[in-house]
$ cat my_file30.cif   # mmCIF, C-alpha atoms (C1' of nucleotides)
data_input
#
loop_
_atom_site.label_atom_id
_atom_site.label_comp_id
_atom_site.auth_asym_id
_atom_site.auth_seq_id
_atom_site.Cartn_x
_atom_site.Cartn_y
_atom_site.Cartn_z
CA MET V 1 -0.53 -124.82 24.71
CA PHE V 2 3.26 -124.67 24.86
CA LYS V 3 4.76 -125.97 21.67
CA GLU V 4 8.30 -127.23 21.85
CA LEU V 5 10.94 -124.63 21.15
CA ASP V 6 13.37 -126.07 18.60
CA PRO V 7 16.28 -126.96 20.89
CA LEU V 8 18.74 -126.31 18.11
CA LEU V 9 17.77 -122.67 18.00
CA HIS V 10 17.03 -122.27 21.68
CA SER V 11 20.64 -121.62 22.53
CA GLN V 12 22.07 -118.18 22.92
CA LEU V 13 24.99 -118.60 20.57
CA ARG V 14 23.21 -120.59 17.88
CA LEU V 15 20.33 -118.13 17.93
CA ALA V 16 22.75 -115.25 17.48
CA ILE V 17 24.51 -117.02 14.63
CA VAL V 18 21.30 -117.77 12.78
CA SER V 19 20.01 -114.30 13.47
CA ILE V 20 23.09 -112.80 11.84
CA LEU V 21 22.91 -115.17 8.90
CA MET V 22 19.27 -114.19 8.37
CA SER V 23 20.37 -110.64 7.69
CA VAL V 24 23.39 -111.18 5.47
CA ASP V 25 24.18 -113.16 2.39
CA SER V 26 27.05 -114.98 4.03
CA ALA V 27 29.45 -114.46 6.88
CA GLU V 28 32.96 -115.57 7.65
CA PHE V 29 33.99 -117.45 10.77
CA THR V 30 35.95 -114.51 12.10
CA TYR V 31 33.07 -112.12 11.55
CA LEU V 32 30.68 -114.38 13.42
CA LYS V 33 33.21 -114.78 16.20
CA GLU V 34 33.56 -111.04 16.55
CA GLN V 35 29.85 -110.29 16.36
CA THR V 36 28.81 -112.95 18.82
CA GLN V 37 31.78 -112.44 21.15
CA SER V 38 32.21 -116.16 21.35
CA THR V 39 35.34 -118.24 21.58
CA ALA V 40 36.51 -119.98 18.43
CA GLY V 41 35.97 -123.40 19.96
CA ASN V 42 32.42 -122.76 21.00
CA LEU V 43 31.64 -121.16 17.65
CA SER V 44 33.12 -124.09 15.76
CA VAL V 45 31.03 -126.59 17.70
CA GLN V 46 27.79 -124.66 17.30
CA LEU V 47 28.35 -124.07 13.59
CA ASP V 48 28.78 -127.81 13.14
CA LYS V 49 25.52 -128.49 14.91
CA LEU V 50 23.65 -126.01 12.77
CA SER V 51 25.26 -127.45 9.69
CA GLU V 52 24.42 -131.02 10.61
CA ALA V 53 20.82 -130.00 11.10
CA GLY V 54 20.89 -128.49 7.63
CA TYR V 55 20.14 -125.02 8.96
CA ILE V 56 23.28 -123.47 7.56
CA GLN V 57 25.75 -124.22 4.84
CA ILE V 58 29.44 -124.13 5.58
CA ASP V 59 31.95 -123.57 2.88
CA LYS V 60 35.58 -124.23 3.74
CA SER V 61 38.08 -122.76 1.36
CA PHE V 62 41.37 -120.95 1.51
CA ASN V 63 42.34 -117.34 1.43
CA GLY V 64 45.82 -117.82 0.06
CA LYS V 65 47.02 -120.38 2.54
CA LYS V 66 44.81 -119.41 5.47
CA PRO V 67 41.66 -121.39 5.97
CA LEU V 68 38.49 -119.46 5.25
CA THR V 69 35.17 -120.66 6.58
CA THR V 70 32.11 -119.03 5.12
CA CYS V 71 28.59 -119.66 6.37
CA SER V 72 25.17 -118.95 5.02
CA ILE V 73 21.65 -119.86 6.01
CA THR V 74 19.66 -122.46 4.11
CA LYS V 75 15.96 -122.57 3.29
CA LYS V 76 15.53 -125.09 6.06
CA GLY V 77 17.29 -122.71 8.43
CA ILE V 78 15.05 -119.80 7.46
CA LYS V 79 11.98 -121.94 8.03
CA ALA V 80 13.29 -123.14 11.38
CA PHE V 81 14.04 -119.60 12.50
CA ASP V 82 10.60 -118.38 11.46
CA ASP V 83 8.97 -121.27 13.29
CA TYR V 84 11.06 -120.64 16.35
CA VAL V 85 10.04 -117.00 16.46
CA LYS V 86 6.37 -117.93 16.04
CA THR V 87 6.56 -120.51 18.79
CA LEU V 88 8.25 -118.04 21.04
CA GLN V 89 5.47 -115.52 20.48
CA GLY V 90 3.17 -118.15 21.95
CA TYR V 91 5.21 -118.03 25.14
CA ILE V 92 5.72 -114.33 25.55
CA LYS V 93 2.46 -112.97 24.16
CA LYS V 94 0.30 -114.10 27.02
CA MET X 1 25.05 -106.34 19.86
CA PHE X 2 23.86 -109.54 21.49
CA LYS X 3 23.01 -108.96 25.09
CA GLU X 4 23.04 -111.95 27.37
CA LEU X 5 19.73 -113.74 27.64
CA ASP X 6 18.92 -114.31 31.31
CA PRO X 7 19.83 -117.99 31.64
CA LEU X 8 17.17 -118.48 34.27
CA LEU X 9 14.46 -117.62 31.83
CA HIS X 10 16.13 -119.06 28.75
CA SER X 11 14.83 -122.53 29.46
CA GLN X 12 11.74 -123.93 27.89
CA LEU X 13 10.07 -125.04 31.09
CA ARG X 14 10.96 -122.06 33.23
CA LEU X 15 9.86 -119.70 30.48
CA ALA X 16 6.53 -121.50 30.24
CA ILE X 17 6.08 -121.37 34.01
CA VAL X 18 6.83 -117.67 34.23
CA SER X 19 4.70 -117.00 31.18
CA ILE X 20 1.73 -118.66 32.86
CA LEU X 21 2.34 -116.87 36.14
CA MET X 22 2.43 -113.55 34.26
CA SER X 23 -1.17 -114.12 33.22
CA VAL X 24 -2.72 -115.40 36.43
CA ASP X 25 -2.83 -114.35 40.03
CA SER X 26 -1.47 -117.63 41.25
CA ALA X 27 -1.27 -121.23 40.10
CA GLU X 28 -1.08 -124.57 41.82
CA PHE X 29 1.62 -127.15 41.22
CA THR X 30 -0.79 -129.52 39.53
CA TYR X 31 -2.10 -126.81 37.23
CA LEU X 32 1.40 -125.85 36.14
CA LYS X 33 2.25 -129.50 35.62
CA GLU X 34 -0.77 -129.99 33.40
CA GLN X 35 -0.30 -126.79 31.41
CA THR X 36 3.39 -127.28 30.80
CA GLN X 37 3.17 -131.05 30.25
CA SER X 38 6.19 -131.49 32.45
CA THR X 39 7.02 -134.22 34.89
CA ALA X 40 6.57 -133.47 38.58
CA GLY X 41 10.30 -133.88 39.21
CA ASN X 42 11.36 -131.46 36.57
CA LEU X 43 8.70 -128.96 37.58
CA SER X 44 9.73 -129.18 41.22
CA VAL X 45 13.36 -128.48 40.38
CA GLN X 46 12.60 -125.57 38.07
CA LEU X 47 10.17 -123.98 40.50
CA ASP X 48 12.88 -124.07 43.14
CA LYS X 49 15.32 -122.33 40.84
CA LEU X 50 12.84 -119.59 40.02
CA SER X 51 12.04 -119.23 43.67
CA GLU X 52 15.69 -119.03 44.70
CA ALA X 53 16.20 -116.30 42.13
CA GLY X 54 13.29 -114.44 43.66
CA TYR X 55 11.32 -114.55 40.43
CA ILE X 56 8.39 -116.41 41.95
CA GLN X 57 6.93 -116.97 45.36
CA ILE X 58 6.07 -120.47 46.48
CA ASP X 59 3.53 -121.07 49.16
CA LYS X 60 3.38 -124.58 50.59
CA SER X 61 0.30 -125.39 52.56
CA PHE X 62 -2.12 -128.28 52.96
CA ASN X 63 -5.43 -129.12 51.46
CA GLY X 64 -6.67 -131.33 54.26
CA LYS X 65 -3.63 -133.56 54.51
CA LYS X 66 -2.50 -133.34 50.92
CA PRO X 67 0.30 -130.93 50.18
CA LEU X 68 -0.71 -127.88 48.18
CA THR X 69 1.92 -125.82 46.43
CA THR X 70 0.82 -122.47 45.12
CA CYS X 71 3.03 -120.18 43.01
CA SER X 72 2.87 -116.60 41.97
CA ILE X 73 5.20 -114.20 40.20
CA THR X 74 7.05 -111.49 42.06
CA LYS X 75 7.91 -107.95 40.99
CA LYS X 76 11.44 -109.12 40.33
CA GLY X 77 10.06 -111.90 38.16
CA ILE X 78 7.92 -109.51 36.14
CA LYS X 79 10.92 -107.27 35.57
CA ALA X 80 13.10 -110.20 34.54
CA PHE X 81 10.49 -111.48 32.13
CA ASP X 82 10.08 -108.05 30.54
CA ASP X 83 13.83 -107.70 30.21
CA TYR X 84 14.13 -111.15 28.72
CA VAL X 85 11.51 -110.38 26.09
CA LYS X 86 13.22 -107.12 25.21
CA THR X 87 16.59 -108.80 24.89
CA LEU X 88 15.09 -111.49 22.74
CA GLN X 89 13.62 -108.89 20.40
CA GLY X 90 17.17 -107.80 19.80
CA TYR X 91 17.95 -111.27 18.51
CA ILE X 92 14.92 -111.93 16.37
CA LYS X 93 14.15 -108.46 15.05
CA LYS X 94 17.02 -108.30 12.65
"C1'" DT W 1 64.82 -118.72 13.51
"C1'" DA W 2 62.20 -118.32 17.62
"C1'" DA W 3 58.01 -116.12 19.15
"C1'" DA W 4 53.58 -114.68 18.31
"C1'" DG W 5 49.43 -114.57 15.56
"C1'" DT W 6 45.56 -116.56 12.59
"C1'" DA W 7 41.99 -119.77 11.79
"C1'" DG W 8 40.27 -123.00 13.19
"C1'" DT W 9 39.28 -128.34 15.45
"C1'" DT W 10 39.18 -131.69 19.10
"C1'" DT W 11 38.70 -133.07 23.65
"C1'" DA W 12 37.63 -132.29 28.47
"C1'" DT W 13 34.88 -130.20 31.96
"C1'" DA W 14 31.12 -127.71 34.04
"C1'" DA W 15 26.45 -126.79 34.15
"C1'" DA W 16 21.76 -127.70 32.98
"C1'" DA W 17 17.78 -130.33 31.89
"C1'" DT W 18 15.46 -134.34 32.46
"C1'" DA W 19 14.22 -138.79 34.16
"C1'" DA W 20 13.94 -142.21 37.50
"C1'" DA W 21 13.38 -143.49 42.07
"C1'" DC W 22 11.46 -142.48 46.20
"C1'" DC W 23 8.18 -140.78 50.18
"C1'" DA W 24 3.88 -140.03 52.80
"C1'" DA W 25 -0.75 -139.88 52.84
"C1'" DA W 26 -5.21 -140.86 50.68
"C1'" DT W 27 -8.17 -143.51 47.85
"C1'" DT W 28 -9.77 -147.37 45.38
"C1'" DT W 29 -10.54 -152.36 44.63
"C1'" DG W 30 -10.86 -157.29 44.95
"C1'" DC K 1 -9.86 -154.86 55.35
"C1'" DA K 2 -5.42 -155.37 53.42
"C1'" DA K 3 -3.06 -154.81 49.11
"C1'" DA K 4 -2.63 -151.99 45.09
"C1'" DT K 5 -3.05 -147.51 43.01
"C1'" DT K 6 -3.24 -142.59 42.94
"C1'" DT K 7 -1.97 -137.91 44.43
"C1'" DG K 8 1.28 -134.43 45.25
"C1'" DG K 9 5.18 -133.83 45.61
"C1'" DT K 10 10.96 -134.20 46.65
"C1'" DT K 11 15.54 -136.12 46.04
"C1'" DT K 12 19.03 -138.25 43.52
"C1'" DA K 13 21.00 -140.01 39.26
"C1'" DT K 14 21.69 -139.75 34.43
"C1'" DT K 15 21.88 -137.61 30.09
"C1'" DT K 16 22.48 -133.73 27.35
"C1'" DT K 17 24.34 -129.25 26.38
"C1'" DA K 18 27.26 -125.47 26.58
"C1'" DT K 19 31.59 -123.85 27.29
"C1'" DA K 20 36.45 -123.76 28.00
"C1'" DA K 21 40.96 -125.44 27.44
"C1'" DA K 22 44.25 -127.63 24.77
"C1'" DC K 23 45.89 -128.62 20.46
"C1'" DT K 24 47.02 -128.42 15.14
"C1'" DA K 25 48.82 -126.36 11.11
"C1'" DC K 26 50.31 -122.77 8.92
"C1'" DT K 27 51.95 -117.66 8.61
"C1'" DT K 28 53.89 -113.42 9.86
"C1'" DT K 29 57.09 -110.62 12.31
"C1'" DA K 30 61.01 -109.24 15.15
#

$ encode --input "my_file30.cif" --output "structure tokens"
Amino acid sequence: MFKELDPLLHSQLRLAIVSILMSVDSAEFTYLKEQTQSTAGNLSVQLDKLSEAGYIQIDKSFNGKKPLTTCSITKKGIKAFDDYVKTLQGYIKK
Amino acid sequence: MFKELDPLLHSQLRLAIVSILMSVDSAEFTYLKEQTQSTAGNLSVQLDKLSEAGYIQIDKSFNGKKPLTTCSITKKGIKAFDDYVKTLQGYIKK
DNA sequence: TAAAGTAGTTTATAAAATAAACCAAATTTG
DNA sequence: CAAATTTGGTTTATTTTATAAACTACTTTA
């Protein structure tokens, strides 16, 4: 029937973030912000949620004295994304 | 880049409703409730939203003296669903 | 050295989803 | 046959989520 769509991925911004991270090795905060056209605040919140779920890994370092946040997808995140896409097929392929 | 996902369809329940209505001529309230495993309250609210957007048509009649709510998708709804799926491909086909 | 910019985080607010409570009629049950 | 339950919903309240606004800390530039 209709399997639950992982609510963590069923959000426009988080889906876009994960989608980007699926296609690159890692991405910086500013890159994600630019690509997704999101505000920094919203991006920050959604990255935290994905990180807390273990879907992405966030590495906070410094570029000289500027903070530098780098994100990458985890195995768990890849699995979740794949599952999400499969579940979604069940909705739209009817 | 990342086109906006129609917020009216980007909801688990409404997507399931529209998905069902895409595959049948019409469906009764009770059938939709059973198929989507939703509560009557939630279903009622979401059907109203889809109806107000012109995505579905709701016909309220009586079966003897019991209310009978029958729903079907509209042309606008079909278009919106197709667009939604296309937009989504842009997210997941990366 | 004051103003503006960078790279974010935290907190507040708006919007959405969901649940709970309710209604009217019909049906079942003790 | 009268009370309790079920059916087919709607309305209202609550919770959750997404988003925006405000803030921090440091840096660059005029």

$ closest_residue --input "my_file30.cif" --among "V:Pro67, V:Leu9, V:Thr74, V:Ala27" --to "chain K" --atoms "all atoms listed in the file"
V:Pro67

$ calpha_fit_and_write --input "my_file30.cif" --fixed "chain V" --moving "chain X" --output "PDB file with C-alpha atoms, in the frame of the given file"
ATOM      1  CA  MET X   1      -0.436-124.681  24.918  1.00  0.00           C
ATOM      2  CA  PHE X   2       3.346-124.611  25.016  1.00  0.00           C
ATOM      3  CA  LYS X   3       4.782-125.957  21.831  1.00  0.00           C
ATOM      4  CA  GLU X   4       8.307-127.261  21.947  1.00  0.00           C
ATOM      5  CA  LEU X   5      10.951-124.680  21.185  1.00  0.00           C
ATOM      6  CA  ASP X   6      13.363-126.093  18.610  1.00  0.00           C
ATOM      7  CA  PRO X   7      16.292-127.011  20.858  1.00  0.00           C
ATOM      8  CA  LEU X   8      18.737-126.312  18.071  1.00  0.00           C
ATOM      9  CA  LEU X   9      17.745-122.700  17.976  1.00  0.00           C
ATOM     10  CA  HIS X  10      17.008-122.319  21.672  1.00  0.00           C
ATOM     11  CA  SER X  11      20.626-121.635  22.496  1.00  0.00           C
ATOM     12  CA  GLN X  12      22.032-118.193  22.879  1.00  0.00           C
ATOM     13  CA  LEU X  13      24.945-118.628  20.517  1.00  0.00           C
ATOM     14  CA  ARG X  14      23.172-120.591  17.823  1.00  0.00           C
ATOM     15  CA  LEU X  15      20.289-118.136  17.870  1.00  0.00           C
ATOM     16  CA  ALA X  16      22.713-115.249  17.453  1.00  0.00           C
ATOM     17  CA  ILE X  17      24.477-117.019  14.592  1.00  0.00           C
ATOM     18  CA  VAL X  18      21.267-117.780  12.744  1.00  0.00           C
ATOM     19  CA  SER X  19      19.972-114.299  13.445  1.00  0.00           C
ATOM     20  CA  ILE X  20      23.050-112.799  11.809  1.00  0.00           C
ATOM     21  CA  LEU X  21      22.877-115.172   8.864  1.00  0.00           C
ATOM     22  CA  MET X  22      19.224-114.195   8.349  1.00  0.00           C
ATOM     23  CA  SER X  23      20.342-110.638   7.668  1.00  0.00           C
ATOM     24  CA  VAL X  24      23.365-111.178   5.450  1.00  0.00           C
ATOM     25  CA  ASP X  25      24.179-113.136   2.355  1.00  0.00           C
ATOM     26  CA  SER X  26      27.044-114.931   3.987  1.00  0.00           C
ATOM     27  CA  ALA X  27      29.448-114.425   6.866  1.00  0.00           C
ATOM     28  CA  GLU X  28      32.957-115.541   7.634  1.00  0.00           C
ATOM     29  CA  PHE X  29      33.986-117.411  10.757  1.00  0.00           C
ATOM     30  CA  THR X  30      35.932-114.455  12.084  1.00  0.00           C
ATOM     31  CA  TYR X  31      33.030-112.085  11.530  1.00  0.00           C
ATOM     32  CA  LEU X  32      30.640-114.353  13.402  1.00  0.00           C
ATOM     33  CA  LYS X  33      33.173-114.739  16.187  1.00  0.00           C
ATOM     34  CA  GLU X  34      33.502-110.990  16.543  1.00  0.00           C
ATOM     35  CA  GLN X  35      29.779-110.264  16.349  1.00  0.00           C
ATOM     36  CA  THR X  36      28.757-112.953  18.789  1.00  0.00           C
ATOM     37  CA  GLN X  37      31.709-112.441  21.153  1.00  0.00           C
ATOM     38  CA  SER X  38      32.144-116.174  21.326  1.00  0.00           C
ATOM     39  CA  THR X  39      35.277-118.228  21.568  1.00  0.00           C
ATOM     40  CA  ALA X  40      36.489-119.956  18.417  1.00  0.00           C
ATOM     41  CA  GLY X  41      35.957-123.382  19.984  1.00  0.00           C
ATOM     42  CA  ASN X  42      32.401-122.769  20.947  1.00  0.00           C
ATOM     43  CA  LEU X  43      31.614-121.164  17.608  1.00  0.00           C
ATOM     44  CA  SER X  44      33.148-124.077  15.731  1.00  0.00           C
ATOM     45  CA  VAL X  45      31.049-126.593  17.639  1.00  0.00           C
ATOM     46  CA  GLN X  46      27.804-124.670  17.242  1.00  0.00           C
ATOM     47  CA  LEU X  47      28.355-124.057  13.546  1.00  0.00           C
ATOM     48  CA  ASP X  48      28.798-127.786  13.078  1.00  0.00           C
ATOM     49  CA  LYS X  49      25.534-128.498  14.841  1.00  0.00           C
ATOM     50  CA  LEU X  50      23.651-126.005  12.704  1.00  0.00           C
ATOM     51  CA  SER X  51      25.277-127.420   9.631  1.00  0.00           C
ATOM     52  CA  GLU X  52      24.446-131.010  10.548  1.00  0.00           C
ATOM     53  CA  ALA X  53      20.836-129.985  11.031  1.00  0.00           C
ATOM     54  CA  GLY X  54      20.898-128.467   7.572  1.00  0.00           C
ATOM     55  CA  TYR X  55      20.120-125.011   8.906  1.00  0.00           C
ATOM     56  CA  ILE X  56      23.278-123.452   7.509  1.00  0.00           C
ATOM     57  CA  GLN X  57      25.765-124.183   4.797  1.00  0.00           C
ATOM     58  CA  ILE X  58      29.459-124.093   5.567  1.00  0.00           C
ATOM     59  CA  ASP X  59      31.981-123.520   2.863  1.00  0.00           C
ATOM     60  CA  LYS X  60      35.604-124.191   3.763  1.00  0.00           C
ATOM     61  CA  SER X  61      38.142-122.769   1.406  1.00  0.00           C
ATOM     62  CA  PHE X  62      41.484-120.989   1.588  1.00  0.00           C
ATOM     63  CA  ASN X  63      42.525-117.408   1.509  1.00  0.00           C
ATOM     64  CA  GLY X  64      46.036-117.966   0.234  1.00  0.00           C
ATOM     65  CA  LYS X  65      47.059-120.599   2.743  1.00  0.00           C
ATOM     66  CA  LYS X  66      44.875-119.493   5.610  1.00  0.00           C
ATOM     67  CA  PRO X  67      41.657-121.390   6.107  1.00  0.00           C
ATOM     68  CA  LEU X  68      38.516-119.439   5.301  1.00  0.00           C
ATOM     69  CA  THR X  69      35.180-120.621   6.601  1.00  0.00           C
ATOM     70  CA  THR X  70      32.134-118.989   5.115  1.00  0.00           C
ATOM     71  CA  CYS X  71      28.571-119.622   6.335  1.00  0.00           C
ATOM     72  CA  SER X  72      25.166-118.918   4.982  1.00  0.00           C
ATOM     73  CA  ILE X  73      21.630-119.844   5.965  1.00  0.00           C
ATOM     74  CA  THR X  74      19.654-122.436   4.068  1.00  0.00           C
ATOM     75  CA  LYS X  75      15.950-122.555   3.242  1.00  0.00           C
ATOM     76  CA  LYS X  76      15.520-125.081   6.017  1.00  0.00           C
ATOM     77  CA  GLY X  77      17.266-122.699   8.388  1.00  0.00           C
ATOM     78  CA  ILE X  78      15.017-119.802   7.427  1.00  0.00           C
ATOM     79  CA  LYS X  79      11.957-121.960   7.996  1.00  0.00           C
ATOM     80  CA  ALA X  80      13.242-123.156  11.360  1.00  0.00           C
ATOM     81  CA  PHE X  81      14.013-119.632  12.479  1.00  0.00           C
ATOM     82  CA  ASP X  82      10.557-118.410  11.468  1.00  0.00           C
ATOM     83  CA  ASP X  83       8.946-121.311  13.278  1.00  0.00           C
ATOM     84  CA  TYR X  84      11.038-120.695  16.353  1.00  0.00           C
ATOM     85  CA  VAL X  85      10.005-117.050  16.480  1.00  0.00           C
ATOM     86  CA  LYS X  86       6.357-117.974  16.083  1.00  0.00           C
ATOM     87  CA  THR X  87       6.557-120.559  18.833  1.00  0.00           C
ATOM     88  CA  LEU X  88       8.275-118.090  21.083  1.00  0.00           C
ATOM     89  CA  GLN X  89       5.495-115.565  20.542  1.00  0.00           C
ATOM     90  CA  GLY X  90       3.207-118.152  22.031  1.00  0.00           C
ATOM     91  CA  TYR X  91       5.258-118.045  25.208  1.00  0.00           C
ATOM     92  CA  ILE X  92       5.768-114.332  25.599  1.00  0.00           C
ATOM     93  CA  LYS X  93       2.515-112.967  24.210  1.00  0.00           C
ATOM     94  CA  LYS X  94       0.385-113.968  27.123  1.00  0.00           C
TER      95      LYS X  94
END

$ interface_residues --input "my_file30.cif" --of "chain W" --to "chain V" --cutoff "12 Å" --atoms "all atoms listed in the file" --output "list in words"
DT6, DA7, DG8, DT9, DT10, DT11 and DA17 of chain W

$ resolve_selection --input "my_file30.cif" --expression "the PyMOL selection byres ((chain K) within 10 of (chain V))" --output "count of residues only"
8

$ atom_distance --input "my_file30.cif" --atom1 "CA of Lys86 (chain X)" --atom2 "CA of Leu32 (chain X)"
24.7 Å

$ atom_distance --input "my_file30.cif" --atom1 "CA of Gln57 (chain X)" --atom2 "CA of Ser72 (chain X)"
5.3 Å

$ atom_distance --input "my_file30.cif" --atom1 "CA of Tyr55 (chain V)" --atom2 "CA of Lys76 (chain V)"
5.4 Å

$ resolve_selection --input "my_file30.cif" --expression "the PyMOL selection byres ((chain X) within 10 of (chain V))" --output "ChimeraX atom specification"
/X:1-7,10-13,15-24,35-37,81-82,84-85,88-94

$ resolve_selection --input "my_file30.cif" --expression "the PyMOL selection byres ((chain W and resi 24) around 12)" --output "list in words"
Lys65, Lys66 and Pro67 of chain X; DC22, DC23, DA25 and DA26 of chain W; DT7, DG8, DG9 and DT10 of chain K

$ closest_residue --input "my_file30.cif" --among "X:Glu28, X:Gly54, X:Lys33, X:Leu47" --to "Ala80 (chain X)" --atoms "all atoms listed in the file"
X:Gly54
